[in-house]
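Single-structure report; data block below.
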Amino acid sequence: MLGTASQAPTRTRNHNGYLLRWDADGLLFDPGEGTQRQMLFAGVTASQVTRICITHFHGDHCLGLPGVLQRMSLDQVPHQVDIHYPAQSEPVYRRLRHAALYRDVLNARERPVREAGAVASTRAFRLDARPLSHSVPTFGYRLAEPDGRRMLPDKLAALGITGPEVGRLKEQGRLTVGQREVTVEQVSQPRPGQRFAFIMDTRLCDAAFELADQADMLVCESTFADAEAALARDYGHLTAGQAGRIAAESRARLLVLTHFSQRYDPGDGQRLAGEAASAFGGEVVLARDLARIPVPRR
């Protein structure tokens with residue numbers, strides 16, 4: 001959590017900024033103003049970022065982009081960096097991309113998001129985007145690991161399958177043991193891939209529930225308390241209770257609340273968490289700057 005404030009930073013909250021570490025990848029979401037400095041405090045290097053995902057171009061979600069890109073160029077990050085953002089706001093991206101003069105050697109690949117669907121697919125995950133309901137073009141993101149299978153030691157042992165044979169069975173799908181052919185389905189069970197959802201500035205909408213569907217971790221804006229529901233609707237935001245509703249109806253496992261209005265002091269955190277918990281029976285975490293929150297294991 002590089003920053004957890006909405007619109008204006010406070011003494012205890014930086015503008016937005018979130019880094020998801022996923023195996024060898026580092027996905028940086030919504031780098032707001034000050035993200036480059038927050039990365040230093042968090043021990044995050046520029047070379048650890050492999051992909052940048054911007055939900056929309058309000059300043060608290062993108063003003064840190066020029067600094068992050070210039071730092072990556074300064075550090076001569078060798079790998080390609082994919083940058084996803086709403087295609088309708090491409091002129092804004094262009095201005096941020098070249099907001100200052102510097103020696104630009106970064107291998108950045110632009111990936112403007114034009115519609116709902118997959119925006120990237122790798123061996124480790126598939127990244128999807130869905131349009132949200134805000135005052136400007138906005139997309140939420142969902143990362144899903146491919147489904148796999150979990151090998152069952154008892155069944156393997158009963159058939160005398162050990163060591164390298166287990167690997168061959170997983171790779172080939174079947175194995176001859178003595179006079180018998182064993183399939184991987186006989187000694188394993190389905191293992192759903194892990195899922196992560198990132199939902200920022202939006203009103204309640206179908207896309208929010210689609211993104212959060214069975215997410216192991218749902219990072220969700222909760223700009224306002226429930227008492228300000230009308231204000232939230234007018235400005236295209238969620239309340240803490242609505243974030244809890246999304247998590248509950250989508251059967252998420254862990255709800256991480258963030259993007260807090262400056263009207264709320266740190267002491268108001270438990271109030272917001274409590275409102276989310278009143279709708280969601282799972283684990284609720286109140287995000288704080290520089291905290292590290294593990295994605296729950298399957």
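Residue numbers start at 1 in each chain; chains themselves are named A, B, ... in the order of the structure tokens; ligands are numbered from 1 in the order shown.
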
Excluding same-chain residues fewer than 5 positions from range 67-79 of chain A, what lies within 10 Å of it counting only C-alpha atoms, as a PyMOL selection string? chain A and resi 28+31-37+39+45-50+52+96-108

Generate a file of the selected residues that holds C-alpha atoms, formatted as a tab-separated table (two decimals), in the first residue's frame.
```tsv
chain	number	residue	atom	x	y	z
A	28	LEU	CA	1.65	-0.96	-10.07
A	31	PRO	CA	0.37	5.84	-9.05
A	32	GLY	CA	-0.77	9.12	-7.52
A	33	GLU	CA	1.42	12.05	-6.57
A	34	GLY	CA	4.35	11.01	-4.37
A	35	THR	CA	4.40	7.37	-5.46
A	36	GLN	CA	8.09	7.45	-6.38
A	37	ARG	CA	9.03	8.55	-2.85
A	39	MET	CA	8.34	3.31	-3.22
A	45	THR	CA	12.68	-0.60	-6.69
A	46	ALA	CA	11.77	0.67	-10.14
A	47	SER	CA	12.98	-2.59	-11.67
A	48	GLN	CA	10.35	-4.54	-9.74
A	49	VAL	CA	7.55	-2.90	-11.72
A	50	THR	CA	6.65	-4.88	-14.84
A	52	ILE	CA	1.26	-0.29	-14.71
A	96	LEU	CA	1.77	12.75	-18.44
A	97	ARG	CA	4.13	10.51	-20.40
A	98	HIS	CA	6.06	13.55	-21.63
A	99	ALA	CA	5.44	15.95	-18.76
A	100	ALA	CA	9.15	16.81	-18.43
A	101	LEU	CA	12.37	16.68	-20.40
A	102	TYR	CA	14.60	13.70	-19.70
A	103	ARG	CA	16.55	10.98	-21.48
A	104	ASP	CA	13.80	8.47	-22.11
A	105	VAL	CA	15.23	4.96	-22.55
A	106	LEU	CA	12.34	3.05	-21.00
A	107	ASN	CA	10.87	0.23	-23.07
A	108	ALA	CA	7.23	1.13	-22.39
```

Residues of range 214-247 of chain A in helix (DSSP H, G or I), written as a VMD selection string: chain A and resid 226 to 235 240 to 247

List the neighbours of range 114-117 of chain A out to 6 Å using only C-alpha atoms; skip same-chain residues closer than 2 positions along the sequence, and give me the result as a list in words. Ala87, Asp128, Ala129 and Arg130 of chain A

Might you pull out every residue within 6 Å of Leu127 in chain A, with only C-alpha atoms counted and same-chain residues fewer than 4 positions away left off, and present them as a PDB file with N, CA and C atoms, in the first residue's frame?
```pdb
ATOM      1  N   ALA A 118     -10.322  -9.232 -21.677  1.00  0.00           N
ATOM      2  CA  ALA A 118      -8.922  -9.478 -21.331  1.00  0.00           C
ATOM      3  C   ALA A 118      -8.038  -8.394 -21.928  1.00  0.00           C
ATOM      4  N   VAL A 119      -7.107  -7.885 -21.126  1.00  0.00           N
ATOM      5  CA  VAL A 119      -6.153  -6.885 -21.608  1.00  0.00           C
ATOM      6  C   VAL A 119      -4.729  -7.430 -21.619  1.00  0.00           C
ATOM      7  N   ALA A 120      -4.520  -8.582 -20.974  1.00  0.00           N
ATOM      8  CA  ALA A 120      -3.205  -9.223 -20.982  1.00  0.00           C
ATOM      9  C   ALA A 120      -3.364 -10.673 -20.571  1.00  0.00           C
ATOM     10  N   ARG A 142      -9.031  -7.008 -12.906  1.00  0.00           N
ATOM     11  CA  ARG A 142      -9.148  -8.307 -12.242  1.00  0.00           C
ATOM     12  C   ARG A 142      -8.031  -9.206 -12.756  1.00  0.00           C
ATOM     13  N   LEU A 143      -7.268  -9.770 -11.843  1.00  0.00           N
ATOM     14  CA  LEU A 143      -6.185 -10.678 -12.192  1.00  0.00           C
ATOM     15  C   LEU A 143      -6.564 -12.078 -11.723  1.00  0.00           C
TER      16      LEU A 143
END
```

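Across the model, the gap from CA of Val219 in chain A to CA of Met200 in chain A is 8.2 Å.
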
Using Å and a single decimal, report how far CA of Ala232 in chain A sits from CA of Arg203 in chain A.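 Separation of CA of Arg203 in chain A and CA of Ala232 in chain A: 7.5 Å.
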
Please list as a PyMOL selection string every residue within 10 Å of Gln186 in chain A, counting only C-alpha atoms and excluding residues in the same chain fewer than 3 positions away. chain A and resi 151-152+155-156+174+182-183+189

Excluding range 285-287 of chain A and its own-chain neighbours fewer than 6 positions away, which residues fall within 12 Å of it when counting only C-alpha atoms? Please give them as an MDAnalysis selection string. chainID A and resid 1:5 12:14 16:18 217:222 240 243:244 253:260 266:277 293:295

For CA of Ala212 in chain A and CA of Ala229 in chain A, determine how far apart the two atoms are, in Å to one decimal place.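 Straight-line distance from CA of Ala212 in chain A to CA of Ala229 in chain A works out to 20.8 Å.
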
From range 60-270 of chain A, collect each residue whose DSSP state is strand (DSSP E or B) and return the set as a PyMOL selection string. chain A and resi 81-86+108-113+117-121+126-131+139-144+148-151+174-177+180-183+188-191+195-199+217-221+224+239+254-258+260

Minimum-distance residue to Pro9 in chain A, chosen among A:Asp265, A:Glu145, A:Asp23, A:Ala207 (using only C-alpha atoms):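 With only C-alpha atoms as the atom set, the closest residue is A:Asp265.
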
Closest of A:Asp201, A:Asp213, A:Asp154, A:Glu249 to Arg233 in chain A, counting only C-alpha atoms, is A:Asp201

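For the residues A:Ile199, A:Leu65, A:Ala144, A:Val284, ranking by smallest atom-to-atom distance to Thr122 in chain A using only C-alpha atoms places A:Ala144 first.
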